[in-house]
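Okay, target.tsv is below, TSV, C-alpha atoms and all ligand atoms:
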chain	number	residue	atom	x	y	z
X	128	MET	CA	29.28	15.23	67.76
X	129	ALA	CA	32.34	14.86	65.49
X	130	ALA	CA	33.82	18.13	64.19
X	131	ARG	CA	32.77	19.00	60.64
X	132	SER	CA	35.43	18.89	57.96
X	133	LEU	CA	35.44	20.20	54.39
X	134	LEU	CA	37.06	17.56	52.21
X	135	ASP	CA	35.03	18.12	49.04
X	136	LEU	CA	31.79	19.85	48.16
X	137	ASP	CA	29.80	16.63	48.56
X	138	ASP	CA	30.36	17.13	52.32
X	139	LEU	CA	27.88	20.01	52.09
X	140	SER	CA	24.18	20.04	51.24
X	141	SER	CA	22.95	22.56	48.65
X	142	ALA	CA	21.47	24.54	51.57
X	143	GLU	CA	24.87	24.63	53.29
X	144	ILE	CA	26.64	25.73	50.09
X	145	THR	CA	24.07	28.51	49.75
X	146	GLU	CA	24.54	29.54	53.39
X	147	LEU	CA	28.29	29.55	52.97
X	148	LEU	CA	28.10	31.80	49.90
X	149	ALA	CA	25.71	34.13	51.74
X	150	ARG	CA	28.12	34.33	54.68
X	151	ALA	CA	31.03	35.06	52.32
X	152	ARG	CA	28.96	37.82	50.68
X	153	ALA	CA	28.18	39.31	54.09
X	154	PHE	CA	31.91	39.36	54.96
X	155	HIS	CA	32.59	40.98	51.58
X	156	ALA	CA	30.05	43.71	52.34
X	157	ALA	CA	31.30	44.34	55.90
X	158	PRO	CA	34.31	42.76	57.63
X	159	PRO	CA	33.31	40.65	60.66
X	160	PRO	CA	34.81	41.27	64.11
X	161	ARG	CA	38.27	39.74	64.42
X	162	THR	CA	36.99	37.56	67.24
X	163	LEU	CA	35.02	34.91	65.32
X	164	LEU	CA	37.75	32.33	65.87
X	165	ARG	CA	39.25	33.78	69.04
X	166	ASP	CA	41.41	31.18	70.86
X	167	VAL	CA	40.98	28.71	67.99
X	168	CYS	CA	44.33	27.33	66.86
X	169	VAL	CA	44.66	26.50	63.15
X	170	VAL	CA	47.63	24.74	61.54
X	171	ASN	CA	48.41	25.20	57.84
X	172	LEU	CA	50.06	22.01	56.58
X	173	PHE	CA	50.94	22.40	52.88
X	174	PHE	CA	52.99	19.71	51.12
X	175	GLU	CA	52.73	21.26	47.67
X	176	ALA	CA	53.61	24.62	46.17
X	177	SER	CA	50.89	27.22	46.53
X	178	THR	CA	50.79	30.98	46.09
X	179	ARG	CA	47.09	31.87	45.97
X	180	THR	CA	45.51	29.25	48.19
X	181	TYR	CA	48.11	29.41	50.96
X	182	THR	CA	48.15	33.19	51.19
X	183	SER	CA	44.38	33.38	50.95
X	184	PHE	CA	43.89	30.97	53.85
X	185	ALA	CA	46.52	32.80	55.92
X	186	ILE	CA	44.77	36.16	55.36
X	187	ALA	CA	41.32	34.65	56.05
X	188	GLU	CA	42.56	33.07	59.30
X	189	ALA	CA	44.02	36.40	60.46
X	190	ARG	CA	40.78	38.25	59.62
X	191	VAL	CA	38.68	35.95	61.79
X	192	GLY	CA	41.18	36.16	64.64
X	193	ALA	CA	42.47	32.57	64.75
X	194	ASP	CA	45.85	31.64	66.26
X	195	VAL	CA	47.77	30.37	63.24
X	196	VAL	CA	50.77	28.09	62.93
X	197	ALA	CA	52.34	27.38	59.55
X	198	LEU	CA	54.00	23.97	59.55
X	199	PRO	CA	56.26	23.65	56.50
X	200	PRO	CA	56.41	20.02	55.24
X	201	GLY	CA	60.16	19.82	55.93
X	202	ALA	CA	59.44	20.72	59.56
X	203	SER	CA	56.77	18.06	60.17
X	204	SER	CA	57.77	14.63	61.45
X	205	LEU	CA	55.84	12.83	58.69
X	206	GLY	CA	59.17	12.68	56.85
X	207	LYS	CA	60.73	10.90	59.90
X	208	GLY	CA	58.32	7.97	59.67
X	209	GLU	CA	55.58	9.31	61.95
X	210	THR	CA	52.18	8.18	60.69
X	211	ILE	CA	49.40	10.57	59.74
X	212	ALA	CA	47.41	9.27	62.72
X	213	ASP	CA	50.24	10.08	65.14
X	214	THR	CA	50.70	13.56	63.67
X	215	ALA	CA	46.95	14.14	64.04
X	216	LEU	CA	47.02	12.97	67.67
X	217	THR	CA	50.03	15.15	68.45
X	218	LEU	CA	48.45	18.30	67.01
X	219	ALA	CA	45.11	17.63	68.74
X	220	ALA	CA	46.92	17.12	72.07
X	221	MET	CA	48.29	20.67	71.76
X	222	GLY	CA	44.80	22.02	71.30
X	223	VAL	CA	44.90	22.49	67.53
X	224	ARG	CA	41.26	22.72	66.42
X	225	ALA	CA	41.61	22.88	62.63
X	226	ILE	CA	44.12	21.76	60.00
X	227	VAL	CA	44.18	23.24	56.50
X	228	THR	CA	46.08	20.88	54.24
X	229	ARG	CA	47.28	20.50	50.66
X	230	HIS	CA	48.95	17.31	49.45
X	231	PRO	CA	49.98	15.81	46.09
X	232	GLU	CA	48.29	12.53	47.05
X	233	SER	CA	44.55	12.24	46.38
X	234	GLY	CA	42.84	11.24	49.61
X	235	PHE	CA	45.45	12.59	52.09
X	236	PRO	CA	43.00	14.96	53.86
X	237	TYR	CA	40.51	12.09	54.22
X	238	ARG	CA	43.09	9.96	56.02
X	239	LEU	CA	44.01	12.90	58.22
X	240	ALA	CA	40.34	13.56	59.05
X	241	GLU	CA	39.87	9.92	60.13
X	242	SER	CA	42.38	10.35	62.94
X	243	PHE	CA	42.19	14.06	63.78
X	244	ASP	CA	39.80	15.16	66.49
X	245	GLY	CA	39.01	18.53	64.88
X	246	HIS	CA	38.22	20.15	61.54
X	247	VAL	CA	40.18	19.29	58.40
X	248	ILE	CA	39.94	21.64	55.42
X	249	ASN	CA	41.13	20.31	52.08
X	250	ALA	CA	43.17	22.96	50.26
X	251	GLY	CA	43.74	20.62	47.28
X	252	ASP	CA	44.57	16.89	47.17
X	253	GLY	CA	46.21	15.40	44.09
X	254	ARG	CA	43.84	15.48	41.16
X	255	HIS	CA	40.89	14.84	43.45
X	256	ALA	CA	39.29	17.90	45.07
X	257	HIS	CA	39.72	21.60	45.81
X	258	PRO	CA	36.49	22.61	47.53
X	259	THR	CA	37.38	26.18	48.55
X	260	GLN	CA	38.44	26.99	44.98
X	261	ALA	CA	35.06	25.74	43.73
X	262	LEU	CA	33.30	27.82	46.40
X	263	LEU	CA	35.12	30.99	45.39
X	264	ASP	CA	34.24	30.27	41.76
X	265	LEU	CA	30.58	29.83	42.74
X	266	LEU	CA	30.71	33.10	44.69
X	267	THR	CA	32.17	34.88	41.63
X	268	LEU	CA	29.35	33.53	39.42
X	269	GLN	CA	26.69	34.40	41.98
X	270	MET	CA	27.97	37.96	42.46
X	271	GLU	CA	28.12	38.43	38.69
X	272	PHE	CA	24.79	36.93	37.67
X	273	GLY	CA	22.71	37.00	40.87
X	274	THR	CA	21.95	33.28	40.67
X	275	ILE	CA	23.69	30.11	39.52
X	276	ALA	CA	20.57	28.09	38.61
X	277	GLY	CA	20.25	27.86	34.83
X	278	LEU	CA	23.66	29.46	34.07
X	279	ARG	CA	25.55	27.85	31.21
X	280	VAL	CA	29.08	27.22	32.44
X	281	ALA	CA	31.79	25.60	30.31
X	282	LEU	CA	34.99	24.19	31.85
X	283	VAL	CA	37.72	24.08	29.23
X	284	GLY	CA	40.96	22.09	29.02
X	285	ASP	CA	42.60	19.51	31.26
X	286	ILE	CA	39.54	18.24	33.10
X	287	LEU	CA	41.02	14.80	33.76
X	288	HIS	CA	43.84	15.99	36.03
X	289	SER	CA	42.04	18.95	37.58
X	290	ARG	CA	40.84	18.89	41.18
X	291	VAL	CA	39.36	22.33	40.53
X	292	ALA	CA	37.17	20.92	37.75
X	293	ARG	CA	35.96	17.98	39.84
X	294	SER	CA	34.89	20.12	42.79
X	295	ASN	CA	33.32	22.70	40.52
X	296	VAL	CA	31.20	20.10	38.73
X	297	PHE	CA	29.79	19.05	42.12
X	298	GLY	CA	29.04	22.60	43.21
X	299	LEU	CA	27.65	23.82	39.89
X	300	CYS	CA	25.34	20.80	39.58
X	301	ALA	CA	24.20	21.17	43.21
X	302	LEU	CA	23.15	24.77	42.50
X	303	GLY	CA	21.47	23.99	39.17
X	304	ALA	CA	23.92	25.27	36.52
X	305	GLU	CA	24.10	23.66	33.06
X	306	VAL	CA	27.65	22.31	32.88
X	307	THR	CA	29.61	21.57	29.70
X	308	LEU	CA	33.10	20.05	29.80
X	309	VAL	CA	35.27	20.92	26.80
X	310	GLY	CA	38.60	19.32	25.88
X	311	PRO	CA	40.45	16.69	23.83
X	312	PRO	CA	39.94	12.95	24.63
X	313	THR	CA	43.42	12.71	26.25
X	314	LEU	CA	42.45	15.34	28.83
X	315	LEU	CA	38.73	14.63	28.94
X	316	PRO	CA	37.87	10.96	28.40
X	317	ASP	CA	34.30	9.99	27.47
X	318	ALA	CA	34.17	8.04	30.72
X	319	MET	CA	34.00	11.35	32.62
X	320	VAL	CA	30.41	11.87	31.59
X	321	CYS	CA	28.24	12.15	34.66
X	322	ALA	CA	24.58	12.86	35.17
X	323	GLY	CA	23.57	16.26	33.85
X	324	VAL	CA	27.00	17.11	32.39
X	325	ARG	CA	27.62	17.46	28.66
X	326	ILE	CA	30.92	16.72	26.92
X	327	GLU	CA	31.95	18.79	23.91
X	328	ARG	CA	35.14	18.53	21.87
X	329	ASN	CA	34.64	21.68	19.80
X	330	LEU	CA	35.22	24.87	21.80
X	331	ASP	CA	33.98	27.13	19.01
X	332	ARG	CA	30.56	25.52	19.26
X	333	VAL	CA	30.29	26.31	22.98
X	334	LEU	CA	31.46	29.94	22.93
X	335	PRO	CA	28.32	31.65	21.58
X	336	GLU	CA	26.08	30.04	24.20
X	337	ALA	CA	28.19	30.14	27.40
X	338	ASP	CA	27.53	32.58	30.26
X	339	ALA	CA	30.88	31.72	31.81
X	340	LEU	CA	34.06	29.94	30.72
X	341	MET	CA	36.41	28.40	33.25
X	342	LEU	CA	39.82	27.87	31.67
X	343	LEU	CA	42.15	25.29	33.19
X	344	ARG	CA	45.92	24.86	33.12
X	345	ILE	CA	47.38	21.69	31.59
X	346	GLN	CA	48.56	19.96	34.77
X	347	ARG	CA	51.88	18.77	33.31
X	348	GLU	CA	53.14	17.52	36.65
X	349	ARG	CA	50.28	14.99	36.74
X	350	ILE	CA	50.44	13.79	33.12
X	351	ALA	CA	52.54	10.93	31.73
X	352	SER	CA	54.45	12.39	28.77
X	353	ALA	CA	52.92	9.74	26.47
X	354	VAL	CA	49.50	11.35	26.73
X	355	LEU	CA	50.59	14.99	26.90
X	356	PRO	CA	48.99	16.57	23.82
X	357	SER	CA	51.11	18.66	21.46
X	358	LEU	CA	50.89	22.23	22.71
X	359	GLU	CA	50.45	23.51	19.14
X	360	ASP	CA	47.42	21.27	18.62
X	361	TYR	CA	46.07	22.18	22.02
X	362	ALA	CA	46.45	25.91	21.41
X	363	ARG	CA	44.87	25.66	17.96
X	364	ASN	CA	41.80	23.90	19.30
X	365	TYR	CA	41.37	25.23	22.83
X	366	ARG	CA	43.35	28.42	23.47
X	367	LEU	CA	41.20	31.47	24.15
X	368	ASP	CA	42.42	34.22	21.81
X	369	ALA	CA	41.02	37.39	20.21
X	370	ARG	CA	39.06	35.48	17.55
X	371	ARG	CA	37.37	33.25	20.13
X	372	LEU	CA	36.73	36.12	22.58
X	373	ALA	CA	34.75	37.83	19.81
X	374	MET	CA	32.44	34.79	19.67
X	375	LEU	CA	31.36	35.16	23.33
X	376	ARG	CA	28.06	36.68	24.41
X	377	PRO	CA	28.28	40.38	25.43
X	378	LYS	CA	27.81	39.65	29.17
X	379	ALA	CA	29.90	36.44	29.28
X	380	ILE	CA	32.73	36.15	31.79
X	381	VAL	CA	36.04	34.26	31.65
X	382	MET	CA	37.49	32.68	34.78
X	383	HIS	CA	40.74	30.85	35.63
X	384	PRO	CA	41.80	29.38	39.00
X	385	GLY	CA	45.45	30.31	38.29
X	386	PRO	CA	48.26	29.80	37.76
X	387	TYR	CA	47.65	30.49	34.06
X	388	ASN	CA	50.11	29.70	31.29
X	389	ARG	CA	50.28	32.55	28.78
X	390	GLY	CA	50.21	31.29	25.22
X	391	VAL	CA	48.86	27.84	26.14
X	392	GLU	CA	45.25	28.07	27.39
X	393	LEU	CA	44.96	31.82	26.79
X	394	THR	CA	46.60	34.70	24.92
X	395	GLU	CA	47.17	38.12	26.45
X	396	ASP	CA	44.03	39.39	24.68
X	397	VAL	CA	42.07	37.77	27.51
X	398	PHE	CA	43.55	40.20	30.07
X	399	ALA	CA	41.95	43.14	28.23
X	400	PHE	CA	38.57	41.41	27.86
X	401	PRO	CA	35.96	43.23	30.01
X	402	GLY	CA	34.60	39.93	31.36
X	403	TRP	CA	37.98	38.62	32.61
X	404	ARG	CA	37.36	37.84	36.31
X	405	TYR	CA	40.63	36.33	37.57
X	406	ALA	CA	41.36	39.13	40.09
X	407	GLN	CA	37.81	38.98	41.47
X	408	GLN	CA	38.13	35.21	41.94
X	409	VAL	CA	41.34	35.62	43.93
X	410	SER	CA	39.79	38.35	46.04
X	411	HIS	CA	36.63	36.29	46.70
X	412	GLY	CA	38.80	33.42	47.94
X	413	VAL	CA	39.54	35.28	51.18
X	414	TYR	CA	35.82	35.80	52.00
X	415	VAL	CA	34.92	32.21	51.15
X	416	ARG	CA	37.70	30.86	53.38
X	417	MET	CA	36.65	33.15	56.25
X	418	ALA	CA	33.11	31.79	55.84
X	419	VAL	CA	34.32	28.16	55.76
X	420	LEU	CA	36.33	28.64	58.96
X	421	ASP	CA	33.43	30.41	60.68
X	422	LEU	CA	30.75	27.88	59.71
X	423	LEU	CA	32.82	24.76	60.37
X	424	VAL	CA	34.00	25.96	63.78
X	425	ASN	CA	30.89	27.89	64.93
X	426	GLY	CA	28.22	25.81	63.13
X	427	PHE	CA	25.89	26.17	60.17
X	428	GLU	CA	22.51	27.87	60.69
X	429	SER	CA	20.89	25.44	58.24
X	430	ALA	CA	22.15	22.50	60.32
X	431	ARG	CA	20.76	24.14	63.46
X	432	GLY	CA	17.41	24.53	61.71
X	433	ALA	CA	17.41	20.81	60.85
X	434	GLU	CA	18.36	20.03	64.46
X	435	ARG	CA	15.38	22.08	65.70
X	436	VAL	CA	13.06	20.21	63.31
X	437	ARG	CA	14.40	16.86	64.55
X	438	SER	CA	14.01	17.75	68.24
X	439	ALA	CA	10.52	19.28	67.79
X	501	LIG	C1	44.94	25.17	41.27
X	501	LIG	C2	45.43	24.07	42.16
X	501	LIG	O1	46.51	24.13	42.74
X	501	LIG	O2	44.67	23.13	42.26
X	501	LIG	N1	45.28	26.45	41.63
X	501	LIG	C3	44.68	27.04	42.72
X	501	LIG	O3	44.62	26.50	43.79
X	501	LIG	N2	44.13	28.25	42.53
X	501	LIG	C4	45.00	24.88	39.86
X	501	LIG	C5	46.31	24.46	39.23
X	501	LIG	O4	47.27	24.08	39.86
X	501	LIG	O5	46.32	24.48	37.99
Exercise: express the given structure as structure tokens:
Amino acid sequence: MAARSLLDLDDLSSAEITELLARARAFHAAPPPRTLLRDVCVVNLFFEASTRTYTSFAIAEARVGADVVALPPGASSLGKGETIADTALTLAAMGVRAIVTRHPESGFPYRLAESFDGHVINAGDGRHAHPTQALLDLLTLQMEFGTIAGLRVALVGDILHSRVARSNVFGLCALGAEVTLVGPPTLLPDAMVCAGVRIERNLDRVLPEADALMLLRIQRERIASAVLPSLEDYARNYRLDARRLAMLRPKAIVMHPGPYNRGVELTEDVFAFPGWRYAQQVSHGVYVRMAVLDLLVNGFESARGAERVRSA
């Protein structure tokens, strides 16, 4: 059977997402033995800047006992004209079992997975997907509220260019949350409406009803300057500040995948808000990534259950 990869959350069934979150919670409660991935070689292949995601994967890999090689983009032969397929073959021939990759091009991990005989984990591709970020966001919501079904979650800002938003919409819908996307038409076109997701232009209307807000950075590096909104207009309409924080429900939480831009999508008042969960999100990332590595390499229980049903 081909090795499982995690390219986006639609690779996983709702049962598998639930199992993954449960495994991450178990690792949070008690660290697993550092032998889960003994003798499994993992390569981290990041072609784009990353503070949180890179470090979080590196820590997770160490905690499950994998052998880890970091391959900086300048050091890989992709720049010398080697194809992705040849790189994949070369790494597999050395016994590499998993590749964690981030790339500015949407779809890069998919092309790698087609030729690599092992697990590929997408750590962010272009504006397309960032499944482990969405999983850590789901874990944060689940640990806060107990369940995700029925939660009212609003994603605010640059939805169009955000791989975090795309993967989160998948995951939140799969687990039964009520999702609202909030932003200006340049960053959230009407065409982004999908089944079960509401679009709202007016943030103030959403605040009193949301259980959780996910703020997003304006992804300047992915936006043609012609459509970049004026930052003054953006801040006036969408920045979370003291006045807007006061409109939130008492138990509401505010999340951000980082890196955040002070003064643009939030003011420093947010850091003093009791429901600000950025640090928890970052911390949960390590447990989620340990769980992803464990379940991809060692197998999902839910898949084994399905296998038993099929063979019965
Ligand atoms: C995000 C990313 O790189 O996709 N950050 C992250 O991984 N936590 C979001 C961003 O760049 O704005």
With distances taken over only C-alpha atoms and all ligand atoms, the candidate from X:Leu423, X:Val195, X:Ile286, X:Ala187 nearest ligand LIG 501 (chain X) is X:Ile286
Nearest to ligand LIG 501 (chain X), restricted to all atoms listed in the file and choosing among X:Ser203, X:Thr259, X:Ser140, X:Asn425, comes out as X:Thr259
So which residues touch Glu392 of chain X within 7 Å, counting all atoms listed in the file, skipping near sequence neighbours fewer than 3 positions away, as a list in words?
Leu342, Arg344, Ala362, Tyr365, Arg366, Leu367, Asn388 and Arg389 of chain X
Compute the set of protein, DNA and RNA residues whose minimum atom distance to ligand LIG 501 (chain X) is at most 9 Å, using all atoms listed in the file, and state it as a CSV table (one decimal) with C-alpha atoms, keeping the file's coordinate frame.
chain,number,residue,atom,x,y,z
X,175,GLU,CA,52.7,21.3,47.7
X,176,ALA,CA,53.6,24.6,46.2
X,177,SER,CA,50.9,27.2,46.5
X,178,THR,CA,50.8,31.0,46.1
X,179,ARG,CA,47.1,31.9,46.0
X,180,THR,CA,45.5,29.2,48.2
X,181,TYR,CA,48.1,29.4,51.0
X,229,ARG,CA,47.3,20.5,50.7
X,250,ALA,CA,43.2,23.0,50.3
X,251,GLY,CA,43.7,20.6,47.3
X,252,ASP,CA,44.6,16.9,47.2
X,253,GLY,CA,46.2,15.4,44.1
X,254,ARG,CA,43.8,15.5,41.2
X,256,ALA,CA,39.3,17.9,45.1
X,257,HIS,CA,39.7,21.6,45.8
X,259,THR,CA,37.4,26.2,48.6
X,260,GLN,CA,38.4,27.0,45.0
X,289,SER,CA,42.0,19.0,37.6
X,290,ARG,CA,40.8,18.9,41.2
X,291,VAL,CA,39.4,22.3,40.5
X,343,LEU,CA,42.2,25.3,33.2
X,344,ARG,CA,45.9,24.9,33.1
X,345,ILE,CA,47.4,21.7,31.6
X,346,GLN,CA,48.6,20.0,34.8
X,383,HIS,CA,40.7,30.8,35.6
X,384,PRO,CA,41.8,29.4,39.0
X,385,GLY,CA,45.4,30.3,38.3
X,386,PRO,CA,48.3,29.8,37.8
X,387,TYR,CA,47.6,30.5,34.1
X,409,VAL,CA,41.3,35.6,43.9
Selection: 9 Å around Asp194 of chain X, only C-alpha atoms, excl. self and same-chain fewer than 6 positions, as a ChimeraX atom specification: /X:164-170,188
Expressed in Å, the length from atom CA of Asn329 of chain X to atom CA of Thr267 of chain X is 25.6 Å
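Closest approach to Gly310 of chain X from the set X:Leu163, X:Val333, X:Ala129, X:Ala322 is made by X:Val333, with distances taken over all atoms listed in the file.
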Taken to one decimal, the atom CA of Met270 of chain X-atom CA of Tyr414 of chain X distance is 12.5 Å
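Nearest residue to Leu266 of chain X, choosing from X:Glu146, X:Glu232, X:Asp138, X:Asp213 and counting all atoms listed in the file: X:Glu146.
The interatomic distance for the pair atom CA of Gly402 of chain X and atom CA of Asp135 of chain X works out to 28.1 Å.
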Fill-in result for segment 183-197 of chain X, N, CA and C atoms as a CSV table (one decimal), keeping the file's coordinate frame:
chain,number,residue,atom,x,y,z
X,183,SER,N,45.8,33.1,50.7
X,183,SER,CA,44.4,33.4,51.0
X,183,SER,C,43.9,32.8,52.3
X,184,PHE,N,44.3,31.6,52.6
X,184,PHE,CA,43.9,31.0,53.8
X,184,PHE,C,44.5,31.7,55.0
X,185,ALA,N,45.8,32.1,54.8
X,185,ALA,CA,46.5,32.8,55.9
X,185,ALA,C,45.8,34.1,56.2
X,186,ILE,N,45.4,34.9,55.2
X,186,ILE,CA,44.8,36.2,55.4
X,186,ILE,C,43.4,35.9,56.0
X,187,ALA,N,42.7,34.9,55.5
X,187,ALA,CA,41.3,34.6,56.0
X,187,ALA,C,41.4,34.3,57.5
X,188,GLU,N,42.4,33.5,57.9
X,188,GLU,CA,42.6,33.1,59.3
X,188,GLU,C,42.8,34.3,60.2
X,189,ALA,N,43.7,35.2,59.7
X,189,ALA,CA,44.0,36.4,60.5
X,189,ALA,C,42.8,37.3,60.6
X,190,ARG,N,42.0,37.4,59.6
X,190,ARG,CA,40.8,38.2,59.6
X,190,ARG,C,39.7,37.7,60.6
X,191,VAL,N,39.7,36.4,60.8
X,191,VAL,CA,38.7,36.0,61.8
X,191,VAL,C,39.3,35.7,63.2
X,192,GLY,N,40.6,36.1,63.3
X,192,GLY,CA,41.2,36.2,64.6
X,192,GLY,C,41.7,34.8,65.2
X,193,ALA,N,42.0,33.9,64.3
X,193,ALA,CA,42.5,32.6,64.8
X,193,ALA,C,43.9,32.7,65.2
X,194,ASP,N,44.4,31.8,66.0
X,194,ASP,CA,45.8,31.6,66.3
X,194,ASP,C,46.4,30.7,65.2
X,195,VAL,N,47.4,31.2,64.4
X,195,VAL,CA,47.8,30.4,63.2
X,195,VAL,C,49.2,29.9,63.3
X,196,VAL,N,49.4,28.6,63.0
X,196,VAL,CA,50.8,28.1,62.9
X,196,VAL,C,51.0,27.5,61.5
X,197,ALA,N,52.0,27.9,60.9
X,197,ALA,CA,52.3,27.4,59.6
X,197,ALA,C,53.4,26.3,59.8
